[in-house]
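start.txt follows (compact mmCIF, C-alpha atoms):
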# COMPACT_ATOMS: atom_id res chain seq x y z
CA MET A 6 15.82 -25.18 14.85
CA LYS A 7 18.75 -23.21 16.26
CA PRO A 8 19.50 -19.46 16.59
CA LYS A 9 22.04 -19.69 13.76
CA HIS A 10 19.26 -20.90 11.44
CA LEU A 11 17.07 -17.93 12.36
CA ASN A 12 19.91 -15.46 11.83
CA ALA A 13 20.63 -17.02 8.45
CA TRP A 14 16.93 -16.79 7.56
CA LEU A 15 16.80 -13.08 8.45
CA LYS A 16 19.89 -12.37 6.33
CA TRP A 17 18.45 -14.39 3.44
CA MET A 18 15.17 -12.44 3.42
CA VAL A 19 16.94 -9.08 3.27
CA GLY A 20 20.04 -10.00 1.27
CA GLU A 21 18.68 -12.46 -1.28
CA ARG A 22 14.93 -11.93 -1.39
CA GLY A 23 15.25 -8.16 -1.23
CA TYR A 24 12.69 -7.60 1.53
CA GLU A 25 12.77 -4.44 3.60
CA GLU A 26 14.26 -5.18 7.01
CA SER A 27 10.96 -4.23 8.63
CA THR A 28 9.21 -6.93 6.56
CA ALA A 29 11.78 -9.50 7.65
CA ILE A 30 11.24 -8.52 11.29
CA ASN A 31 7.46 -8.85 10.89
CA ARG A 32 7.90 -12.41 9.68
CA TYR A 33 10.42 -13.18 12.38
CA GLU A 34 8.06 -11.93 15.09
CA THR A 35 5.27 -14.14 13.74
CA LEU A 36 7.56 -17.16 13.96
CA ALA A 37 8.72 -16.13 17.42
CA GLY A 38 5.10 -16.10 18.55
CA VAL A 39 4.64 -19.62 17.24
CA PHE A 40 7.68 -20.81 19.19
CA SER A 41 6.44 -19.06 22.35
CA PHE A 42 3.10 -20.83 22.02
CA ALA A 43 4.89 -24.15 21.52
CA VAL A 44 6.98 -23.65 24.67
CA ALA A 45 3.95 -22.60 26.73
CA ASN A 46 2.11 -25.75 25.69
CA GLU A 47 5.18 -27.95 26.22
CA TYR A 48 5.50 -29.00 22.60
CA ILE A 49 9.16 -27.90 22.76
CA THR A 50 11.38 -27.10 25.72
CA ARG A 51 13.11 -23.90 24.57
CA ASN A 52 12.51 -21.01 22.23
CA PRO A 53 15.42 -20.49 19.79
CA CYS A 54 14.29 -16.91 19.19
CA GLN A 55 15.45 -15.92 22.67
CA HIS A 56 19.03 -15.93 21.45
CA VAL A 57 18.45 -13.95 18.25
CA ARG A 58 19.06 -10.24 18.67
CA THR A 59 16.63 -8.08 16.76
CA GLY A 60 14.10 -5.41 17.59
CA ARG A 61 11.80 -2.70 16.33
CA GLN A 62 13.95 0.20 17.47
CA ARG A 63 16.95 -1.05 15.53
CA VAL A 64 14.82 -1.50 12.43
CA LYS A 65 13.35 1.99 12.67
CA ARG A 66 16.77 3.57 12.96
CA ARG A 67 18.19 1.67 10.03
CA VAL A 68 15.31 2.18 7.60
CA LYS A 69 14.97 5.91 8.27
CA LYS A 70 15.47 7.74 5.00
CA THR A 71 14.75 10.98 3.21
CA ILE A 72 11.25 11.26 1.73
CA ARG A 73 11.31 12.79 -1.75
CA LEU A 74 8.30 14.06 -3.65
CA PRO A 75 7.53 14.55 -7.33
CA THR A 76 6.04 17.82 -8.48
CA LEU A 77 2.56 17.86 -9.99
CA ALA A 78 4.17 18.86 -13.31
CA GLU A 79 6.42 15.79 -13.19
CA ILE A 80 3.47 13.53 -12.36
CA GLU A 81 1.47 14.89 -15.29
CA ALA A 82 4.45 14.59 -17.65
CA ILE A 83 5.00 10.93 -16.80
CA GLU A 84 1.29 10.19 -17.11
CA ARG A 85 1.17 11.77 -20.57
CA HIS A 86 3.90 9.44 -21.83
CA LEU A 87 2.44 6.22 -20.44
CA PRO A 88 0.40 3.99 -22.78
CA GLY A 89 -3.31 4.75 -22.53
CA PRO A 90 -4.39 1.62 -20.60
CA TYR A 91 -1.90 2.39 -17.81
CA LYS A 92 -2.30 6.14 -17.30
CA LEU A 93 -4.87 5.61 -14.55
CA LEU A 94 -2.27 3.87 -12.37
CA VAL A 95 -0.64 7.26 -11.78
CA TRP A 96 -3.82 8.85 -10.48
CA LEU A 97 -4.78 5.94 -8.23
CA MET A 98 -1.40 6.28 -6.50
CA ALA A 99 -1.14 10.09 -6.48
CA GLY A 100 -4.84 10.76 -5.87
CA CYS A 101 -5.80 7.88 -3.56
CA GLY A 102 -2.47 6.94 -1.94
CA LEU A 103 -2.41 3.35 -3.18
CA ARG A 104 0.74 1.24 -3.20
CA ILE A 105 1.75 -0.07 -6.62
CA GLY A 106 0.59 -3.60 -5.78
CA GLU A 107 -2.78 -2.28 -4.61
CA ALA A 108 -3.20 -0.12 -7.72
CA CYS A 109 -2.42 -3.05 -10.03
CA ALA A 110 -5.13 -5.09 -8.30
CA VAL A 111 -7.98 -2.55 -8.39
CA THR A 112 -11.30 -3.90 -9.64
CA LEU A 113 -14.43 -2.08 -10.72
CA GLN A 114 -16.31 -3.74 -7.86
CA GLN A 115 -14.17 -1.91 -5.30
CA PHE A 116 -15.57 1.49 -6.29
CA ASP A 117 -18.70 3.04 -4.83
CA PHE A 118 -19.14 6.03 -7.10
CA GLU A 119 -22.23 7.20 -5.25
CA SER A 120 -20.41 7.60 -1.93
CA GLY A 121 -17.09 8.45 -3.59
CA THR A 122 -15.01 5.68 -2.02
CA LEU A 123 -12.63 2.92 -3.07
CA TYR A 124 -12.44 -0.14 -0.84
CA VAL A 125 -8.88 -1.49 -0.84
CA ASP A 126 -8.59 -5.07 0.37
CA HIS A 127 -6.25 -6.96 -1.97
CA GLN A 128 -3.08 -6.56 -3.98
CA VAL A 129 -0.90 -8.06 -6.67
CA THR A 130 2.27 -9.35 -5.07
CA GLN A 131 5.39 -11.23 -6.04
CA ASP A 132 6.41 -12.84 -2.77
CA GLY A 133 6.86 -16.38 -4.05
CA GLU A 134 4.35 -17.77 -1.58
CA ASN A 135 1.65 -18.75 -4.03
CA GLU A 136 0.81 -22.32 -4.89
CA GLU A 137 2.39 -24.29 -7.69
CA PRO A 138 0.04 -24.88 -10.67
CA LYS A 139 -0.99 -28.51 -11.07
CA THR A 140 -3.60 -28.79 -13.82
CA GLU A 141 -3.15 -27.69 -17.43
CA VAL A 142 -5.68 -24.89 -16.93
CA GLN A 143 -3.78 -23.60 -13.90
CA LYS A 144 -0.51 -23.70 -15.82
CA ALA A 145 -2.09 -21.79 -18.70
CA ILE A 146 -3.35 -18.90 -16.57
CA THR A 147 -0.11 -18.63 -14.59
CA LYS A 148 2.33 -19.33 -17.37
CA GLY A 149 5.86 -17.98 -17.51
CA GLY A 150 7.03 -15.45 -14.98
CA GLY A 151 3.43 -14.74 -14.05
CA ARG A 152 3.36 -17.80 -11.83
CA ALA A 153 5.33 -15.86 -9.21
CA HIS A 154 2.66 -13.17 -9.16
CA CYS A 155 -0.55 -13.70 -7.26
CA ILE A 156 -3.60 -11.70 -6.24
CA ARG A 157 -4.01 -11.95 -2.50
CA HIS A 158 -5.68 -10.16 0.38
CA LEU A 159 -3.61 -7.36 1.89
CA LYS A 160 -0.54 -8.54 3.75
CA TRP A 161 -0.76 -8.49 7.55
CA ARG A 162 -4.55 -8.00 7.39
CA ASP A 163 -7.44 -10.35 8.16
CA LEU A 164 -9.43 -11.65 5.20
CA ASP A 165 -12.33 -9.31 6.01
CA GLU A 166 -10.11 -6.31 6.72
CA GLY A 167 -9.57 -3.48 4.25
CA ARG A 168 -9.82 0.29 4.09
CA ALA A 169 -12.21 2.74 2.43
CA VAL A 170 -10.31 5.53 0.67
CA PRO A 171 -12.03 8.76 -0.47
CA VAL A 172 -11.94 9.11 -4.25
CA PRO A 173 -11.75 12.71 -5.56
CA SER A 174 -14.31 13.45 -8.26
CA THR A 175 -11.49 14.10 -10.74
CA ILE A 176 -10.13 10.59 -10.15
CA ALA A 177 -13.60 9.02 -10.30
CA ALA A 178 -14.11 10.63 -13.70
CA LYS A 179 -10.77 9.23 -14.90
CA VAL A 180 -11.78 5.74 -13.71
CA GLN A 181 -15.06 5.86 -15.61
CA GLU A 182 -13.31 7.16 -18.73
CA HIS A 183 -10.72 4.37 -18.43
CA VAL A 184 -13.46 1.74 -18.29
CA ARG A 185 -15.22 3.30 -21.27
CA LEU A 186 -12.05 3.28 -23.38
CA TYR A 187 -10.36 0.06 -22.29
CA GLY A 188 -12.95 -2.00 -20.47
CA THR A 189 -11.92 -4.38 -17.70
CA PHE A 190 -10.00 -7.65 -17.49
CA ARG A 191 -12.07 -10.47 -16.02
CA VAL A 192 -10.38 -12.80 -13.54
CA GLU A 193 -12.18 -15.79 -12.11
CA GLU A 194 -11.59 -17.24 -8.65
CA GLY A 195 -8.76 -19.74 -8.93
CA LEU A 196 -5.19 -20.62 -8.13
CA ASN A 197 -3.51 -17.50 -6.68
CA ARG A 198 -6.31 -15.33 -8.09
CA LEU A 199 -9.26 -13.41 -6.63
CA GLU A 200 -12.40 -12.89 -8.70
CA GLY A 201 -13.15 -9.47 -10.16
CA ASN A 202 -13.23 -7.13 -13.15
CA TYR A 203 -9.72 -5.68 -13.01
CA LEU A 204 -8.85 -2.29 -14.44
CA PHE A 205 -5.38 -3.40 -15.55
CA SER A 206 -3.80 -6.43 -17.19
CA ASN A 207 -0.65 -7.24 -19.10
CA ILE A 208 -0.26 -5.88 -22.64
CA GLY A 209 -1.64 -9.02 -24.26
CA ARG A 210 -4.62 -9.11 -21.87
CA THR A 211 -3.78 -12.72 -21.01
CA ASN A 212 -2.74 -12.27 -17.39
CA ILE A 213 -2.71 -9.87 -14.46
CA LEU A 214 -0.54 -6.76 -14.42
CA MET A 215 2.96 -7.52 -13.19
CA TYR A 216 5.64 -5.40 -11.55
CA SER A 217 8.21 -5.88 -14.33
CA LEU A 218 5.86 -4.38 -16.91
CA VAL A 219 4.94 -1.42 -14.71
CA ASP A 220 8.62 -0.75 -13.99
CA ARG A 221 9.53 -0.81 -17.69
CA LEU A 222 6.63 1.44 -18.70
CA TRP A 223 7.40 3.86 -15.87
CA ARG A 224 11.10 4.18 -16.75
CA ASN A 225 10.33 4.66 -20.45
CA ALA A 226 7.71 7.33 -19.74
CA LYS A 227 10.03 9.21 -17.40
CA LYS A 228 12.85 9.14 -19.97
CA THR A 229 10.56 10.26 -22.81
CA ALA A 230 9.25 13.07 -20.62
CA GLY A 231 12.82 14.32 -20.21
CA ILE A 232 12.93 13.79 -16.44
CA SER A 233 16.44 12.93 -15.36
CA ARG A 234 16.12 12.72 -11.60
CA ARG A 235 15.13 9.48 -9.94
CA ILE A 236 11.38 9.25 -9.35
CA THR A 237 9.75 5.98 -8.31
CA THR A 238 6.10 4.99 -8.30
CA HIS A 239 6.16 5.01 -4.49
CA TRP A 240 6.84 8.75 -4.57
CA LEU A 241 3.25 9.21 -5.77
CA ARG A 242 2.03 7.80 -2.46
CA HIS A 243 4.25 10.30 -0.65
CA PHE A 244 2.75 13.05 -2.81
CA PHE A 245 -0.78 12.02 -1.79
CA ALA A 246 0.04 11.99 1.93
CA SER A 247 2.04 15.20 1.90
CA ALA A 248 -0.57 17.11 -0.09
CA GLY A 249 -3.37 16.09 2.26
CA LEU A 250 -1.49 16.70 5.49
CA SER A 251 -0.16 20.06 4.34
CA LYS A 252 -3.74 21.22 3.80
CA GLY A 253 -4.95 20.22 7.24
CA VAL A 254 -6.20 16.63 6.81
CA PRO A 255 -5.98 14.98 10.27
CA VAL A 256 -3.02 12.62 10.56
CA THR A 257 -5.28 9.88 11.99
CA ASP A 258 -7.49 9.98 8.89
CA MET A 259 -4.48 9.98 6.59
CA ALA A 260 -2.99 6.99 8.42
CA GLU A 261 -6.21 5.03 7.89
CA TRP A 262 -6.38 5.89 4.18
CA LEU A 263 -2.72 4.96 3.70
CA GLY A 264 -3.31 1.64 5.43
CA GLN A 265 -0.89 2.38 8.29
CA ARG A 266 -1.99 0.94 11.61
CA ASP A 267 -0.12 3.45 13.76
CA PRO A 268 -0.75 7.19 13.12
CA ARG A 269 2.58 7.91 14.84
CA ILE A 270 4.38 6.38 11.88
CA THR A 271 2.45 8.65 9.52
CA HIS A 272 3.27 11.70 11.65
CA GLN A 273 6.96 10.82 11.93
CA THR A 274 7.20 10.24 8.18
CA TYR A 275 5.40 13.38 7.01
CA ALA A 276 5.99 15.84 9.86
CA HIS A 277 8.01 17.99 7.45
CA VAL A 278 4.83 19.07 5.64
CA MET A 279 2.97 20.02 8.82
CA PRO A 280 5.25 22.63 10.43
CA ASP A 281 2.42 25.10 11.01
CA ALA A 282 -0.05 22.58 12.50
CA PRO A 283 0.42 23.82 16.11
CA GLU A 284 -0.08 27.43 15.04
CA ARG A 285 -3.23 26.49 13.09
CA LEU A 286 -4.62 24.86 16.24
CA ARG A 287 -3.76 27.86 18.40
CA SER A 288 -5.43 30.21 15.93
CA LEU A 289 -8.50 28.03 15.74
CA MET A 290 -8.96 27.74 19.51
CA ASP A 291 -8.34 31.47 19.99
CA ALA A 292 -11.08 32.16 17.45
CA VAL A 293 -13.44 29.82 19.33
CA PHE A 294 -12.79 31.31 22.75
CA MET A 295 -12.96 34.89 21.45
CA MET A 296 -16.33 34.12 19.82
CA GLN A 297 -14.91 34.85 16.36
CA THR A 298 -16.19 31.55 14.97
CA GLU A 299 -19.17 29.37 15.79
CA LEU A 300 -19.05 25.71 16.72
CA ASP A 301 -21.85 23.36 15.74
CA LEU A 302 -21.03 20.27 17.80
CA PRO A 303 -23.44 17.52 18.90
CA LEU A 304 -24.04 17.16 22.64
CA GLU A 305 -23.30 13.43 22.39
CA PHE A 306 -22.22 10.91 19.77
CA GLU A 307 -21.12 7.29 19.50
CA ALA A 308 -17.50 6.38 18.95
CA VAL A 309 -15.66 3.14 18.31
CA VAL A 310 -13.05 2.57 21.01
CA GLU A 311 -10.82 -0.31 22.04
CA ALA A 312 -12.04 -2.19 25.08
CA ALA A 313 -9.68 -2.40 28.03
Spit out the file's structure as structure tokens when you get a sec.
Amino acid sequence: MKPKHLNAWLKWMVGERGYEESTAINRYETLAGVFSFAVANEYITRNPCQHVRTGRQRVKRRVKKTIRLPTLAEIEAIERHLPGPYKLLVWLMAGCGLRIGEACAVTLQQFDFESGTLYVDHQVTQDGENEEPKTEVQKAITKGGGRAHCIRHLKWRDLDEGRAVPVPSTIAAKVQEHVRLYGTFRVEEGLNRLEGNYLFSNIGRTNILMYSLVDRLWRNAKKTAGISRRITTHWLRHFFASAGLSKGVPVTDMAEWLGQRDPRITHQTYAHVMPDAPERLRSLMDAVFMMQTELDLPLEFEAVVEAA
């Protein structure tokens, strides 16, 4: 393995596979760690990654872009023109901040309606890393283009790692109505599949919901609704984050619900909707110190912190 091979691999991931550059860097850093381990244990004598120039700062500068939001009226218009079994996708993204792959993979088992939470721990993805079907049964359930799609645990997360997202009562009601009208699609544990009663499937209810179908339905609904400007499904996630932060939701909480490890990324991305946050804090603390509001704080409490 030589540096030229690694450079070619990075270019291939971005240029041919269509990955975001940040995703390519994540994969590169994983491989670099493997090579470092190999050198430290004298399996190889030199690390080829030492001569490949790449870095987080360069990636952050290059992927910086304008965040655009849909209006609530546009969201409702698109939802109205989606086929009934797929309307709920809009509200899971706009009301719970899910990525499209996470929304496609939602199961009934992930909801706790009593506590009002949705536990997000897997996704539908099309990364070409799933196994090839071998038996006739495996070929039948992953036939056609669906073989490239798999249901997997969240990328870059441990198998037991997920996140609990608050579910607004309006969204919970829509979920229950969706199940009443359309039922669920049962998937058994198997090749590139995780067991569960899924809320969405393809039109023929023979396979999991795939990106190509969502994209086609989304574009048709937007056109029928008379919306000419470009609006993607990912904008709904931006809507969720911006709405919450603009109303005072702590950025650390929002980062956790979005599934972003570093709250600084959340703050940098959505700082435009929090311009009055410093003034809100000043007003709050002035009210506390001037005895204009009462604080009801415990004298001690337990907190989860990282050990040094």
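Among A:Asn212, A:Gln131, A:Thr50, A:Asn202, the residue with the shortest atom-to-atom distance to Gln114 of chain A, counting all atoms listed in the file, is A:Asn202.
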Using only C-alpha atoms, tabulate the residues of segment 202-253 of chain A lying at most 12 Å from any atom of segment 283-288 of chain A, each with its closest atom pair and that distance in Å to one decimal, by chain and increasing residue number, as a tab-separated table.
residue	atom	partner	partner_atom	distance
A:Ser251	CA	A:Arg285	CA	11.3
A:Lys252	CA	A:Arg285	CA	10.7
A:Gly253	CA	A:Arg285	CA	8.7
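Nearest residue to Cys109 of chain A among A:Pro171, A:Ser41, A:Tyr91, A:Glu34 is A:Tyr91, counting all atoms listed in the file.
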Practice prompt. Measuring atom to atom with only C-alpha atoms, identify which of A:Ile213, A:Val129, A:Ile30, A:Ala99 is nearest to Thr237 of chain A.
Written response: A:Ala99
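The nearest approach to Pro75 of chain A among the residues A:Arg32, A:Gln181, A:Gln115, A:Val95, with only C-alpha atoms taken into account, belongs to A:Val95.
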Discussion item. When you look at Glu261 of chain A with a cut-off of 10 Å (counting only C-alpha atoms), what residues show up, excluding the ones that are within fewer than 2 positions of it in the same chain? I need them as a count of residues only.
Written reply: 15
Item to complete: Skip Ile176 of chain A itself and residues of its chain fewer than 6 positions away, then list as a PyMOL selection string all residues within 9 Å of it, counting only C-alpha atoms.
Response: chain A and resi 93+96-97+100-101
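For the atom pair formed by atom CA of Ile49 of chain A and atom CA of Leu11 of chain A, the distance is 16.4 Å, given to one decimal.
The space between atom CA of Ile105 of chain A and atom CA of Thr274 of chain A spans 18.8 Å.
With only C-alpha atoms as the atoms that count, the minimum distance from Thr28 of chain A to the choices A:Leu15, A:Val172, A:Ile72, A:Leu103 is reached by A:Leu15.
What separates atom CA of Ser120 of chain A from atom CA of Gly102 of chain A is a distance of 18.0 Å.
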Fill in: Near-Glu299 of chain A list (12 Å; only C-alpha atoms; drop same-chain fewer than 5 positions) as a ChimeraX atom specification
/A:289-294
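Closest approach to Ala230 of chain A among A:Ile156, A:Leu113, A:Met295, A:Ile83: A:Ile83, based on all atoms listed in the file.
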Item to complete: Just the residues within 12 Å of Arg185 of chain A, please, counting only C-alpha atoms, with nothing from its chain fewer than 4 positions along; format it as a list in words.
Response: Pro90, Leu113, Ala178, Lys179, Val180, Gln181, Thr189 and Leu204 of chain A
Could you produce a table of the residues of segment 143-235 of chain A lying within 10 Å of segment 84-87 of chain A, with the nearest pair of atoms per residue and their separation in Å rounded to one decimal, using all atoms listed in the file, ordered by chain and increasing residue number, as a tab-separated table?
residue	atom	partner	partner_atom	distance
A:Val219	CA	A:Leu87	CA	9.9
A:Leu222	CA	A:Leu87	CA	6.6
A:Trp223	CA	A:Leu87	CA	7.1
A:Arg224	CA	A:Leu87	CA	9.6
A:Asn225	CA	A:Leu87	CA	8.0
A:Ala226	CA	A:His86	CA	4.8
A:Lys227	CA	A:His86	CA	7.6
A:Lys228	CA	A:His86	CA	9.1
A:Thr229	CA	A:His86	CA	6.8
A:Ala230	CA	A:His86	CA	6.6
